[in-house]
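The structure under discussion appears below in the form of structure tokens.
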There are 2 protein chains.
Amino acid sequence: MNLNESIKRPTLHQELVERLRNLIVEDALKPGEKVPEKELCETFGVSRTPLREALKVLGSEGLVILQANRGARVAEVTRAEVESTFPVIAVLEQLTGELACRNLSDAEIQAIEKRHAAMVRAYKARDRQTYFKANQDIHNALLIGARNEILEMHHRMLGMRVRRARFMVNLSEERWAQAIEEHEDIMEKLRARDAQGLGQVMKTHMMNKFAAHLKSMGSGGLESDSA
Amino acid sequence: MNLNESIKRPTLHQELVERLRNLIVEDALKPGEKVPEKELCETFGVSRTPLREALKVLGSEGLVILQANRGARVAEVTRAEVESTFPVIAVLEQLTGELACRNLSDAEIQAIEKRHAAMVRAYKARDRQTYFKANQDIHNALLIGARNEILEMHHRMLGMRVRRARFMVNLSEERWAQAIEEHEDIMEKLRARDAQGLGQVMKTHMMNKFAAHLKSMGSGGLESDSA
DNA sequence: CAGCGTAATTATGAATTCATAATTCAGTCA
DNA sequence: TGACTGAATTATGAATTCATAATTACGCTG
């Protein structure tokens with residue numbers, strides 16, 4: 001048992017940042033909507049002070065837009081933003097691959113190998129739920145395996161903002177097959193400890209994912225950047 | 001005249017975020033020091049509420065460390081953090097180069113060319129001040145030229161945290177010459193609109209800069225990561 | 001009846017107040 | 001004399017209050 005856990009009670013504003021972030025990411029608070037300060041205070045049973053502190057933090061993270069004297073609105077996920085974000089994620093993925101290749105222990109690679117196998121099984125069974133979970137676990141393991149907290153933090157920050165666009169749902173049969181192939185490639189490079197190669201493959205993997213999404217949603221599905 | 005400018009008066013907490021950030025980056029508030037809440041309130045003539053909101057934001061940016069019931073301390077710049085940050089900056093530089101190459105207008109490249117010439121003159125005159133300024137202008141122009149706000153934001157965030165280590169002062173004659181050569185290379189690739197090439201050179205430029213700093217400071221100059 | 005202007009209401013930013021946790025300091029006992 | 005205990009002081013987190021900007025509602029005028 002971790003002794004810290006039992007003692008640590010985060011401050012209200014920290015707790016609220018988490019809660020509100022979830023509400024936004026889980027789409028309970030919809031993009032463009034005004035954040036109902038009063039209402040949230042009541043539901044959480046706190047005063048406005050810690051809630052407003054939390055909103056300031058979310059503002060600096062770009063999840064909400066703060067307008068002076070006009071309160072906070074949930075930030076829209078514009079197409080322009082998504083298009084800007086993906087290339088950045090892609091190069092971070094590349095770095096993740098390079099570093100993970102160098103720093104992962106053999107045991108950790110084994111664990112990833114297992115998750116990969118599970119993912120392939122889920123693919124063959126057309127079990128999207130399990131597939132997504134395994135996929136996420138793998139990418140998460142690689143990110144952690146990079147042993148670079150700065151990289152991890154910025155990767156997660158970007159991932160969070162993009163995930164709200166929630167276009168992951170559309171996964172064409174064709175793209176799915178391609179993704180599996182790319183993952184085979186990832187495992188191959190990982191087994192060979194080919195850092196450069198893994199970096200390259202992961203970057204490409206992300207860019208392909210991006211391209212597929214753009215294609216699948218065409219010009220719709222997201223607010224235009226002029227909105 | 002920009003009409004927006006005359007109207008916009010930022011909220012106190014926004015103003016304070018800027019001011020405090022400067023105090024930290026300019027080293028007026030030293031790493032490890034406790035942030036004197038009361039004192040700052042008096043000097044800025046504001047109450048604790050907006051100041052504390054600002055501290056929460058700076059906390060989420062990693063510039064200060066917030067401990068529950070024990071206030072805020074200016075974050076230390078550990079060697080581990082710097083070592084983690086540089087590779088991330090490097091890949092962002094790479095992306096900056098690629099995008100800037102594609103998106104800069106000819107006129108903008110001309111302007112950079114001018115700054116480059118000024119930088120070389122400063123180098124020959126051994127004018128560090130002017131050299132640094134021109135160098136910064138060039139990198140800034142490239143970053144803006146990338147036309148990617150997400151990239152820009154994250155690049156600036158990382159740059160800010162690292163700049164506090166302030167080891168730019170030590171610039172060996174040898175490294176200086178090398179940096180100039182690398183910049184010649186950058187200009188060459190830029191003139192040729194060689195996106196891949198520019199990305200590569202800028203990444204290498206950053207990694208070399210990093211290596212030089214590590215070398216110049218040896219194992220000292222920064223707090224150890226265990227501190 | 002539509003559009004404008006003004007008053008009432010509400011929402012927001014910031015100051016103040018309050019409760020409690022942390023720190024300091026004095027006194028006591030080994 | 002030095003370490004420990006506990007009260008006094010201070011600092012911190014959070015609630016409340018206050019002033020003002022924004023929004024809404026209403027009436028007036030053309």
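Labels used: A, B, ... for chains in the order of the structure tokens, numbers from 1 for residues in each chain, and numbers from 1 for ligands as shown.
If we count only C-alpha atoms (C1' of nucleotides), these residues of chain B sit within 12 Å of chain C: B:Pro10, B:Thr11, B:Leu12, B:His13, B:Gln14, B:Cys41, B:Gly45, B:Val46, B:Ser47, B:Arg48, B:Thr49, B:Pro50, B:Leu51, B:Arg52, B:Glu53, B:Gln67, B:Ala68, B:Asn69, B:Arg70, B:Gly71.
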How would the residues just picked look written out with C-alpha atoms as a PDB file, in the first residue's frame?
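again.pdb written:
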```
ATOM      1  CA  PRO B  10      -6.558  42.467 -19.690  1.00  0.00           C
ATOM      2  CA  THR B  11      -7.929  41.143 -16.456  1.00  0.00           C
ATOM      3  CA  LEU B  12      -5.725  41.439 -13.410  1.00  0.00           C
ATOM      4  CA  HIS B  13      -4.862  37.788 -13.314  1.00  0.00           C
ATOM      5  CA  GLN B  14      -3.742  37.844 -16.942  1.00  0.00           C
ATOM      6  CA  CYS B  41       0.232  41.793  -3.527  1.00  0.00           C
ATOM      7  CA  GLY B  45      -1.367  46.752  -5.488  1.00  0.00           C
ATOM      8  CA  VAL B  46      -3.811  43.874  -5.872  1.00  0.00           C
ATOM      9  CA  SER B  47      -5.552  41.500  -3.539  1.00  0.00           C
ATOM     10  CA  ARG B  48      -4.593  37.888  -3.083  1.00  0.00           C
ATOM     11  CA  THR B  49      -7.377  36.504  -5.242  1.00  0.00           C
ATOM     12  CA  PRO B  50      -6.068  37.452  -8.705  1.00  0.00           C
ATOM     13  CA  LEU B  51      -2.498  36.801  -7.619  1.00  0.00           C
ATOM     14  CA  ARG B  52      -3.356  33.318  -6.491  1.00  0.00           C
ATOM     15  CA  GLU B  53      -5.214  32.678  -9.741  1.00  0.00           C
ATOM     16  CA  GLN B  67       2.212  22.525  -2.410  1.00  0.00           C
ATOM     17  CA  ALA B  68      -1.060  22.221  -0.585  1.00  0.00           C
ATOM     18  CA  ASN B  69      -1.121  24.427   2.489  1.00  0.00           C
ATOM     19  CA  ARG B  70       2.489  25.315   1.913  1.00  0.00           C
ATOM     20  CA  GLY B  71       2.184  27.857  -0.858  1.00  0.00           C
TER      21      GLY B  71
END
```
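When the distance limit is 9 Å and only C-alpha atoms (C1' of nucleotides) are what count, the residues near B:Tyr123, minus those fewer than 6 positions from it on the same chain, are B:Thr130, B:Tyr131, B:Trp176, B:Ala177, B:Ile180.
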Using only C-alpha atoms (C1' of nucleotides), find which residues of chain D lie within 9 Å of chain A and jot them down as a VMD selection string.
chain D and resid 13 to 16 21 to 22
Grab the residues selected above and save them as a tab-separated table (two decimals), in the first residue's frame with N, CA and C atoms (P, O5', C5', C4', C3', O3' and C1' of nucleotides).
```tsv
chain	number	residue	atom	x	y	z
D	13	DG	P	-2.48	27.47	-0.64
D	13	DG	O5'	-3.97	27.21	-0.15
D	13	DG	C5'	-4.23	26.04	0.59
D	13	DG	C4'	-5.72	25.89	0.83
D	13	DG	C3'	-6.59	25.96	-0.42
D	13	DG	O3'	-7.60	24.97	-0.29
D	13	DG	C1'	-7.22	27.68	1.10
D	14	DA	P	-8.69	24.74	-1.42
D	14	DA	O5'	-9.90	25.64	-0.93
D	14	DA	C5'	-10.52	25.30	0.31
D	14	DA	C4'	-11.55	26.34	0.68
D	14	DA	C3'	-12.61	26.63	-0.39
D	14	DA	O3'	-13.87	26.41	0.19
D	14	DA	C1'	-11.74	28.65	0.53
D	15	DA	P	-15.23	26.67	-0.65
D	15	DA	O5'	-15.90	27.88	0.14
D	15	DA	C5'	-16.05	27.77	1.55
D	15	DA	C4'	-16.62	29.05	2.13
D	15	DA	C3'	-17.89	29.56	1.45
D	15	DA	O3'	-18.81	29.96	2.46
D	15	DA	C1'	-16.20	31.24	1.36
D	16	DT	P	-20.26	30.51	2.03
D	16	DT	O5'	-20.05	32.09	2.08
D	16	DT	C5'	-19.43	32.66	3.23
D	16	DT	C4'	-19.17	34.14	3.01
D	16	DT	C3'	-20.34	34.92	2.41
D	16	DT	O3'	-20.66	35.96	3.32
D	16	DT	C1'	-18.34	35.45	1.29
D	21	DA	P	-17.42	49.18	-15.17
D	21	DA	O5'	-17.46	48.10	-16.34
D	21	DA	C5'	-16.68	46.93	-16.21
D	21	DA	C4'	-17.46	45.74	-16.76
D	21	DA	C3'	-18.15	46.00	-18.09
D	21	DA	O3'	-17.87	44.92	-18.96
D	21	DA	C1'	-19.72	45.18	-16.52
D	22	DA	P	-18.34	44.97	-20.47
D	22	DA	O5'	-19.61	44.01	-20.49
D	22	DA	C5'	-19.40	42.65	-20.12
D	22	DA	C4'	-20.75	41.95	-20.01
D	22	DA	C3'	-21.60	41.99	-21.28
D	22	DA	O3'	-21.95	40.66	-21.58
D	22	DA	C1'	-22.88	42.64	-19.40
```
From a DSSP pass on the backbone, collect the residues of stretch 21-104 of chain B flagged as alpha helix (DSSP H) and hand them back as a PyMOL selection string.
chain B and resi 21-25+37-44+48-61+79-103
Go ahead and write the residues just picked, N, CA and C atoms, as a compact mmCIF listing (two decimals), in the first residue's frame.
```txt
# COMPACT_ATOMS: atom_id res chain seq x y z
N ARG B 21 5.57 35.80 -14.60
CA ARG B 21 6.36 34.99 -15.51
C ARG B 21 7.69 35.70 -15.80
N ASN B 22 7.58 36.99 -16.06
CA ASN B 22 8.80 37.76 -16.30
C ASN B 22 9.72 37.72 -15.09
N LEU B 23 9.15 37.95 -13.92
CA LEU B 23 9.98 37.94 -12.71
C LEU B 23 10.73 36.62 -12.60
N ILE B 24 10.06 35.54 -12.97
CA ILE B 24 10.70 34.22 -12.85
C ILE B 24 11.73 34.04 -13.95
N VAL B 25 11.34 34.34 -15.18
CA VAL B 25 12.26 34.14 -16.29
C VAL B 25 13.47 35.07 -16.17
N GLU B 37 3.70 35.83 -1.38
CA GLU B 37 2.36 36.23 -1.80
C GLU B 37 2.02 37.64 -1.32
N LYS B 38 2.16 37.81 -0.05
CA LYS B 38 1.78 39.09 0.56
C LYS B 38 2.56 40.25 -0.05
N GLU B 39 3.86 40.06 -0.12
CA GLU B 39 4.73 41.12 -0.64
C GLU B 39 4.34 41.50 -2.06
N LEU B 40 4.12 40.47 -2.89
CA LEU B 40 3.78 40.73 -4.29
C LEU B 40 2.45 41.47 -4.39
N CYS B 41 1.51 41.10 -3.53
CA CYS B 41 0.23 41.79 -3.53
C CYS B 41 0.44 43.28 -3.30
N GLU B 42 1.31 43.59 -2.37
CA GLU B 42 1.55 45.01 -2.07
C GLU B 42 2.24 45.71 -3.23
N THR B 43 3.28 45.09 -3.76
CA THR B 43 4.02 45.76 -4.83
C THR B 43 3.15 45.97 -6.07
N PHE B 44 2.25 45.03 -6.32
CA PHE B 44 1.40 45.18 -7.50
C PHE B 44 0.09 45.92 -7.16
N ARG B 48 -5.17 39.22 -2.91
CA ARG B 48 -4.59 37.89 -3.08
C ARG B 48 -5.32 37.09 -4.15
N THR B 49 -6.60 37.33 -4.32
CA THR B 49 -7.38 36.50 -5.24
C THR B 49 -6.78 36.43 -6.65
N PRO B 50 -6.63 37.57 -7.35
CA PRO B 50 -6.07 37.45 -8.71
C PRO B 50 -4.63 36.94 -8.71
N LEU B 51 -3.87 37.28 -7.67
CA LEU B 51 -2.50 36.80 -7.62
C LEU B 51 -2.46 35.29 -7.49
N ARG B 52 -3.33 34.77 -6.67
CA ARG B 52 -3.36 33.32 -6.49
C ARG B 52 -3.84 32.63 -7.77
N GLU B 53 -4.79 33.23 -8.46
CA GLU B 53 -5.21 32.68 -9.74
C GLU B 53 -4.03 32.60 -10.69
N ALA B 54 -3.25 33.67 -10.71
CA ALA B 54 -2.07 33.68 -11.59
C ALA B 54 -1.10 32.58 -11.20
N LEU B 55 -0.94 32.36 -9.90
CA LEU B 55 -0.01 31.31 -9.46
C LEU B 55 -0.48 29.93 -9.90
N LYS B 56 -1.78 29.73 -9.90
CA LYS B 56 -2.31 28.44 -10.37
C LYS B 56 -1.93 28.21 -11.83
N VAL B 57 -2.06 29.26 -12.61
CA VAL B 57 -1.71 29.15 -14.03
C VAL B 57 -0.22 28.86 -14.19
N LEU B 58 0.60 29.60 -13.47
CA LEU B 58 2.04 29.37 -13.55
C LEU B 58 2.38 27.97 -13.08
N GLY B 59 1.60 27.49 -12.12
CA GLY B 59 1.79 26.12 -11.66
C GLY B 59 1.54 25.13 -12.78
N SER B 60 0.48 25.34 -13.53
CA SER B 60 0.16 24.41 -14.62
C SER B 60 1.19 24.52 -15.73
N GLU B 61 1.88 25.65 -15.80
CA GLU B 61 2.94 25.81 -16.80
C GLU B 61 4.26 25.23 -16.30
N ARG B 79 18.79 19.47 -13.97
CA ARG B 79 19.53 18.98 -15.14
C ARG B 79 18.70 17.95 -15.89
N ALA B 80 18.02 17.10 -15.15
CA ALA B 80 17.21 16.07 -15.79
C ALA B 80 16.15 16.72 -16.68
N GLU B 81 15.56 17.80 -16.19
CA GLU B 81 14.51 18.45 -16.96
C GLU B 81 15.09 19.05 -18.23
N VAL B 82 16.23 19.70 -18.10
CA VAL B 82 16.85 20.31 -19.28
C VAL B 82 17.21 19.23 -20.29
N GLU B 83 17.75 18.14 -19.78
CA GLU B 83 18.13 17.06 -20.70
C GLU B 83 16.92 16.43 -21.37
N SER B 84 15.79 16.47 -20.68
CA SER B 84 14.57 15.95 -21.29
C SER B 84 14.00 16.93 -22.29
N THR B 85 14.20 18.20 -22.01
CA THR B 85 13.56 19.23 -22.83
C THR B 85 14.23 19.39 -24.19
N PHE B 86 15.54 19.35 -24.21
CA PHE B 86 16.24 19.64 -25.46
C PHE B 86 15.85 18.74 -26.63
N PRO B 87 15.78 17.43 -26.43
CA PRO B 87 15.38 16.60 -27.57
C PRO B 87 13.99 16.97 -28.10
N VAL B 88 13.12 17.37 -27.18
CA VAL B 88 11.77 17.74 -27.61
C VAL B 88 11.83 19.03 -28.43
N ILE B 89 12.59 20.01 -27.92
CA ILE B 89 12.75 21.24 -28.69
C ILE B 89 13.36 20.92 -30.06
N ALA B 90 14.30 20.00 -30.06
CA ALA B 90 14.99 19.68 -31.32
C ALA B 90 14.01 19.19 -32.38
N VAL B 91 13.11 18.28 -32.03
CA VAL B 91 12.17 17.79 -33.05
C VAL B 91 11.17 18.87 -33.44
N LEU B 92 10.86 19.76 -32.50
CA LEU B 92 9.98 20.86 -32.85
C LEU B 92 10.69 21.83 -33.80
N GLU B 93 11.99 22.00 -33.60
CA GLU B 93 12.78 22.82 -34.52
C GLU B 93 12.76 22.19 -35.92
N GLN B 94 12.90 20.89 -35.93
CA GLN B 94 12.87 20.18 -37.21
C GLN B 94 11.57 20.48 -37.95
N LEU B 95 10.48 20.30 -37.23
CA LEU B 95 9.18 20.58 -37.85
C LEU B 95 9.07 22.04 -38.26
N THR B 96 9.58 22.92 -37.41
CA THR B 96 9.58 24.35 -37.73
C THR B 96 10.27 24.59 -39.07
N GLY B 97 11.43 24.00 -39.23
CA GLY B 97 12.18 24.16 -40.47
C GLY B 97 11.38 23.68 -41.67
N GLU B 98 10.81 22.50 -41.56
CA GLU B 98 10.05 21.95 -42.68
C GLU B 98 8.88 22.84 -43.07
N LEU B 99 8.13 23.26 -42.06
CA LEU B 99 6.95 24.07 -42.34
C LEU B 99 7.31 25.47 -42.81
N ALA B 100 8.31 26.06 -42.18
CA ALA B 100 8.71 27.42 -42.56
C ALA B 100 9.16 27.43 -44.02
N CYS B 101 9.88 26.42 -44.40
CA CYS B 101 10.37 26.32 -45.77
C CYS B 101 9.21 26.36 -46.76
N ARG B 102 8.14 25.72 -46.41
CA ARG B 102 6.99 25.66 -47.32
C ARG B 102 6.15 26.93 -47.26
N ASN B 103 6.11 27.57 -46.11
CA ASN B 103 5.11 28.62 -45.93
C ASN B 103 5.64 30.05 -45.94
```
Considering only C-alpha atoms, state which residue in the set A:Leu104, A:Leu151, A:Ile109, A:Ala125 is at the smallest distance from chain B.
A:Leu151
Check stretch 6-72 of chain A with DSSP on the backbone and list each residue it calls strand (DSSP E or B), as a list in words.
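Listing strand (DSSP E or B) positions across stretch 6-72 of chain A yields Lys34, Val64, Ile65, Leu66, Gln67, Gly71 and Ala72 of chain A.
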Surrounding residues of B:Val201 excluding itself and chain neighbours under 3 positions, 9 Å, only C-alpha atoms (C1' of nucleotides), as a JSON list (two decimals) with C-alpha atoms, in the first residue's frame:
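Wrote result.json, looks like this:
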```json
[["chain", "number", "residue", "atom", "x", "y", "z"],
["B", 94, "GLN", "CA", 12.87, 20.18, -37.21],
["B", 97, "GLY", "CA", 12.18, 24.16, -40.47],
["B", 182, "GLU", "CA", 25.17, 25.93, -39.22],
["B", 183, "HIS", "CA", 23.31, 29.14, -39.86],
["B", 185, "ASP", "CA", 23.60, 25.96, -43.89],
["B", 186, "ILE", "CA", 20.16, 26.99, -42.71],
["B", 189, "LYS", "CA", 18.45, 25.23, -47.40],
["B", 196, "GLN", "CA", 13.43, 18.18, -45.41],
["B", 197, "GLY", "CA", 16.95, 19.55, -45.45],
["B", 198, "LEU", "CA", 16.11, 22.61, -43.40],
["B", 204, "THR", "CA", 21.05, 19.19, -35.65],
["B", 205, "HIS", "CA", 21.70, 22.84, -34.87],
["B", 206, "MET", "CA", 19.69, 22.52, -31.69]]
```
Could you check how far atom CA of A:Met153 sits from atom CA of A:Leu66, in Å to one decimal?
23.0 Å
